[in-house]
Amino acid sequence: MKIANNIFSFPVLLIFACLLALGLRLYLYWVGGHTIPVTTDEAQIVLQALDIRTGQWPLLLMAQPYMFPVEAYWMAPLVDLLPRTAPGMRSLVLVEGLVFTCLALMVLRQMGRWREVWPGILLVLFPSAYLVINQAAYSLPHYNSAFILALAAAWLVMRLEREPWSHDFWLAVPGGFFALLAVSNALTSVALIAPLALVAAWNSMGRGRWWRLPGYALGGAIGLIPYFAALWKFPGANESVTATLGWAEAFGRLWIPTVARTLPVAFGWRICLFPDSSEQLDWGGWGYAAFPYVFIFLLALAAGAALVLLWRKFREKQHLSLGAMEWALGVTILSLLLFALSRRADACSYRYLAPVVVVFPFLMLGLYRALPRPGRLFIGGLALVIVLYNIATAARLPREWRHPDFARNIVAAPDLKPALAVLRAHGIKHAVASHWAAYRIGFEADGAVVCSQPANERFPGWPVPYKAEVDAATNVAYVLTEKIRFLKPSVFERHMRAMGVEAEMAKAGDFRIYYNFRMPAFDREIRVPAERIRVAVDENQAQAAGMMDGNINTFWRSAKLQHDGLWVEFTFDQPLHIGCLVVRYGNYAHDRAPTLCIRLRTDAGWETLRGEVPVDLDKFAWLNGHPVYGHAQQTFIIGMPAVQALRLEVAEPNPRMCWTLAEVVLYEVAASKNP
């Protein structure tokens, strides 16, 4: 009997639970590392860590207008030692998951002795399978780091819930720093940090306690430096992820999809096969249907328990302090509201409700400690049911990952090895691919190939890393697949036909490689040097040279709003056989006139070559011997010899806009190739 009691003693059971939790994470890490390829989101962290090693100090996640890349800075010291494989990259994810778990246990310890907080311990060790995946097998970028920073801040704030000490100011500084650095890292952390700030402020009221407030403020100001530096350096940063709906529409979204559709999956009921995929595991349907009602009941119960506890302290004239349960309650309510308000959140945006999952153990433990014995039995039993389901779900998921087509069809990450082999065989070191493949190529090639998106496909108009280098190269390939959205082979081939571009094509698994591009129309044409052209304009002559200086960032703009007959004129030093005219609009394509008229002057005088030509933009520009996306331009075919001057006139004006031209390029048919 004594031996049995020792075996089933609390310390032994706790050690067993910790080892089981560690084993489960290692199992998911191993299977995920050999079945789920490194995605472009993960590859961006590694590539940015390499940039940091070269002395760069990025303020935003690569190719995105938000997120301070904390994980890239964490990885930078060891990035050269990590193999360019999924297990190598995700070793950081595994370490982050273990740190997260330790910090959550430290916060639990502030709520009571280990024996008293056992439901919380189990829910931390075996949380939602969705959260476990993100802590071991695959991680959405910078969510783990944000949660770690938030938990570190919470632990420091909870540690200060005691009698004031003289050095409380210096303990508050790191608490404020971690809290606001989490916000700089990921704005989703606002749901975690805003309630924590209220807890910290409330608990800092009273004699000897207020000294903590300047400490929190100082640390928070330091933590927000990356956020404000990004706003200063990149105007418009973070705006795309802060757009909100109206309150009426948001309240209509609180139940569906927020609570009834998205929240159960975030808690592991009918879990998505891959974050944040719409494909779900056919498992746990009963919990998926029941959980929203159970959760709302628990939330209402927690709110009532918190109010009763505060009232009891008030009546007994105790210090009205707030703890982890109240923090969790605030996080939960705020997360649900922010999700319903966000324009970016849809039914599959499970990551936006991950803060609710993070604080759920503290909410449940607070209820467990606040309720009488029957209530504790209910909460403890419910915690056990949730934990057992989480373990079973996490153990079952790898079956789906091992399916031969999982990476291709669910992750949309086809095998890149055949494509990289084609690039090596043709000596191609620069490539273009859609977002979900571009940075995978850079990662798996380990520096041998520099790959860029054709343009910023997820955040149009935002800077694209490596694009300038790729655009300037002369031996460039397009690596495309129908498995990835945005620029697909069928779309690219249609664009090439429209622009008269030819290329060789090689099939490489799910990818098609386009290389050795030719544009026959330009084979027989050469650019007319700017010094051979004199520019005259209807108005604002002072800016006319901006169209011919080769700088897309300078421009000519009419002094008045567009009107019929507004013109620009280009006179040549001698008659030329003009092949085509390229008009580039730079950042002002929205200013262009709906239709233009092209007039030419020859020995016979002025004549109209084309009247009312629609200003439809080219699919891409032809630069350095290959297609280049991201340029707002139009090519006009002229094909006329002995042209002395060419005039563009507004045929149909856009009366609300001035007329803006960034660059005009003229091509002549080479003399030796004239008919």
# chains A, B, ... in the order shown; residues from 1 in each chain; ligands from 1
$ residues_around --residues "A:Pro454" --least-positions-apart "3" --cutoff "9 Å" --atoms "only C-alpha atoms" --output "list in words"
Val432, Ala433, Ser434, His435, Glu457, Val464, Lys467, Tyr478, Leu487, Val628, Tyr629 and Gly630 of chain A
$ residues_around --residues "A:Ala394" --least-positions-apart "3" --cutoff "9 Å" --atoms "only C-alpha atoms" --output "list in words"
Leu24, Leu28, Ser128, Ala129, Tyr130, Val132, Ile133, Gly268, Tyr389, Asn390, Ile391, Leu397 and Pro398 of chain A
$ write_last_selection --atoms "N, CA and C atoms" --output "PDB file, in the first residue's frame"
ATOM      1  N   LEU A  24       4.899  14.111 -26.144  1.00  0.00           N
ATOM      2  CA  LEU A  24       3.913  14.446 -27.163  1.00  0.00           C
ATOM      3  C   LEU A  24       4.441  15.537 -28.086  1.00  0.00           C
ATOM      4  N   LEU A  28       5.257  15.230 -32.154  1.00  0.00           N
ATOM      5  CA  LEU A  28       4.703  16.126 -33.168  1.00  0.00           C
ATOM      6  C   LEU A  28       5.811  16.856 -33.923  1.00  0.00           C
ATOM      7  N   SER A 128      -5.069  22.970 -26.026  1.00  0.00           N
ATOM      8  CA  SER A 128      -5.668  22.685 -27.332  1.00  0.00           C
ATOM      9  C   SER A 128      -4.623  22.134 -28.285  1.00  0.00           C
ATOM     10  N   ALA A 129      -4.996  21.105 -29.057  1.00  0.00           N
ATOM     11  CA  ALA A 129      -4.066  20.548 -30.040  1.00  0.00           C
ATOM     12  C   ALA A 129      -3.632  21.616 -31.033  1.00  0.00           C
ATOM     13  N   TYR A 130      -4.493  22.590 -31.302  1.00  0.00           N
ATOM     14  CA  TYR A 130      -4.126  23.697 -32.190  1.00  0.00           C
ATOM     15  C   TYR A 130      -2.931  24.454 -31.628  1.00  0.00           C
ATOM     16  N   VAL A 132      -0.775  23.257 -29.372  1.00  0.00           N
ATOM     17  CA  VAL A 132       0.380  22.348 -29.305  1.00  0.00           C
ATOM     18  C   VAL A 132       1.076  22.266 -30.664  1.00  0.00           C
ATOM     19  N   ILE A 133       0.294  22.206 -31.747  1.00  0.00           N
ATOM     20  CA  ILE A 133       0.899  22.187 -33.087  1.00  0.00           C
ATOM     21  C   ILE A 133       1.792  23.400 -33.267  1.00  0.00           C
ATOM     22  N   GLY A 268      -9.447  23.034 -30.453  1.00  0.00           N
ATOM     23  CA  GLY A 268      -9.123  21.670 -30.850  1.00  0.00           C
ATOM     24  C   GLY A 268     -10.290  20.804 -31.248  1.00  0.00           C
ATOM     25  N   TYR A 389      -9.140  14.640 -24.386  1.00  0.00           N
ATOM     26  CA  TYR A 389      -9.464  14.872 -25.793  1.00  0.00           C
ATOM     27  C   TYR A 389      -8.282  15.536 -26.516  1.00  0.00           C
ATOM     28  N   ASN A 390      -7.636  16.495 -25.861  1.00  0.00           N
ATOM     29  CA  ASN A 390      -6.487  17.167 -26.479  1.00  0.00           C
ATOM     30  C   ASN A 390      -5.371  16.176 -26.783  1.00  0.00           C
ATOM     31  N   ILE A 391      -5.089  15.273 -25.845  1.00  0.00           N
ATOM     32  CA  ILE A 391      -4.040  14.282 -26.069  1.00  0.00           C
ATOM     33  C   ILE A 391      -4.409  13.378 -27.241  1.00  0.00           C
ATOM     34  N   LEU A 397      -3.532  13.534 -35.225  1.00  0.00           N
ATOM     35  CA  LEU A 397      -3.228  14.424 -36.350  1.00  0.00           C
ATOM     36  C   LEU A 397      -2.116  13.914 -37.268  1.00  0.00           C
ATOM     37  N   PRO A 398      -1.006  13.369 -36.729  1.00  0.00           N
ATOM     38  CA  PRO A 398       0.069  12.912 -37.627  1.00  0.00           C
ATOM     39  C   PRO A 398      -0.367  11.896 -38.674  1.00  0.00           C
TER      40      PRO A 398
END
$ closest_atom_pairs --of "stretch 305-410 of chain A" --to "stretch 191-197 of chain A" --cutoff "12 Å" --atoms "only C-alpha atoms" --output "tab-separated table"
residue	atom	partner	partner_atom	distance
A:Leu322	CA	A:Leu196	CA	9.7
A:Gly323	CA	A:Leu196	CA	9.3
A:Ala324	CA	A:Leu196	CA	8.9
A:Met325	CA	A:Leu196	CA	10.9
A:Glu326	CA	A:Pro195	CA	8.4
A:Trp327	CA	A:Pro195	CA	5.8
A:Ala328	CA	A:Pro195	CA	8.1
A:Leu329	CA	A:Pro195	CA	8.6
A:Gly330	CA	A:Pro195	CA	5.4
A:Val331	CA	A:Leu192	CA	5.3
A:Thr332	CA	A:Ala191	CA	7.9
A:Ile333	CA	A:Ala191	CA	8.7
A:Leu334	CA	A:Ala191	CA	5.7
A:Ser335	CA	A:Ala191	CA	5.3
A:Leu336	CA	A:Ala191	CA	9.0
A:Leu337	CA	A:Ala191	CA	9.3
A:Leu338	CA	A:Ala191	CA	7.7
A:Phe339	CA	A:Ala191	CA	9.8
A:Tyr352	CA	A:Ala191	CA	9.4
A:Leu353	CA	A:Ala191	CA	9.3
A:Ala354	CA	A:Ala191	CA	10.0
A:Pro355	CA	A:Leu192	CA	6.5
A:Val356	CA	A:Leu192	CA	8.7
A:Val357	CA	A:Leu192	CA	11.1
A:Val358	CA	A:Leu192	CA	9.1
A:Val359	CA	A:Leu192	CA	8.6
A:Phe360	CA	A:Leu192	CA	12.0
$ select_by_dssp --residues "stretch 200-232 of chain A" --states "helix (DSSP H, G or I)" --output "list in words"
Ala200, Ala201, Trp202, Asn203, Arg212, Leu213, Pro214, Gly215, Tyr216, Ala217, Leu218, Gly219, Gly220, Ala221, Ile222, Gly223, Ile225, Pro226, Tyr227, Phe228, Ala229, Ala230, Leu231 and Trp232 of chain A
$ atom_distance --atom1 "atom CA of A:Arg485" --atom2 "atom CA of A:Ala72"
26.2 Å
$ residues_around --residues "A:Leu26" --least-positions-apart "2" --cutoff "12 Å" --atoms "only C-alpha atoms" --output "list in words"
Leu19, Leu20, Ala21, Leu22, Gly23, Leu24, Leu28, Tyr29, Trp30, Val31, Gly32, Gly33, Pro87, Arg90, Ser91, Val93, Leu94, Val95, Gly97, Leu98, Val132, Ile133, Gln135, Ala136, Ala137, Ala394 and Ala395 of chain A
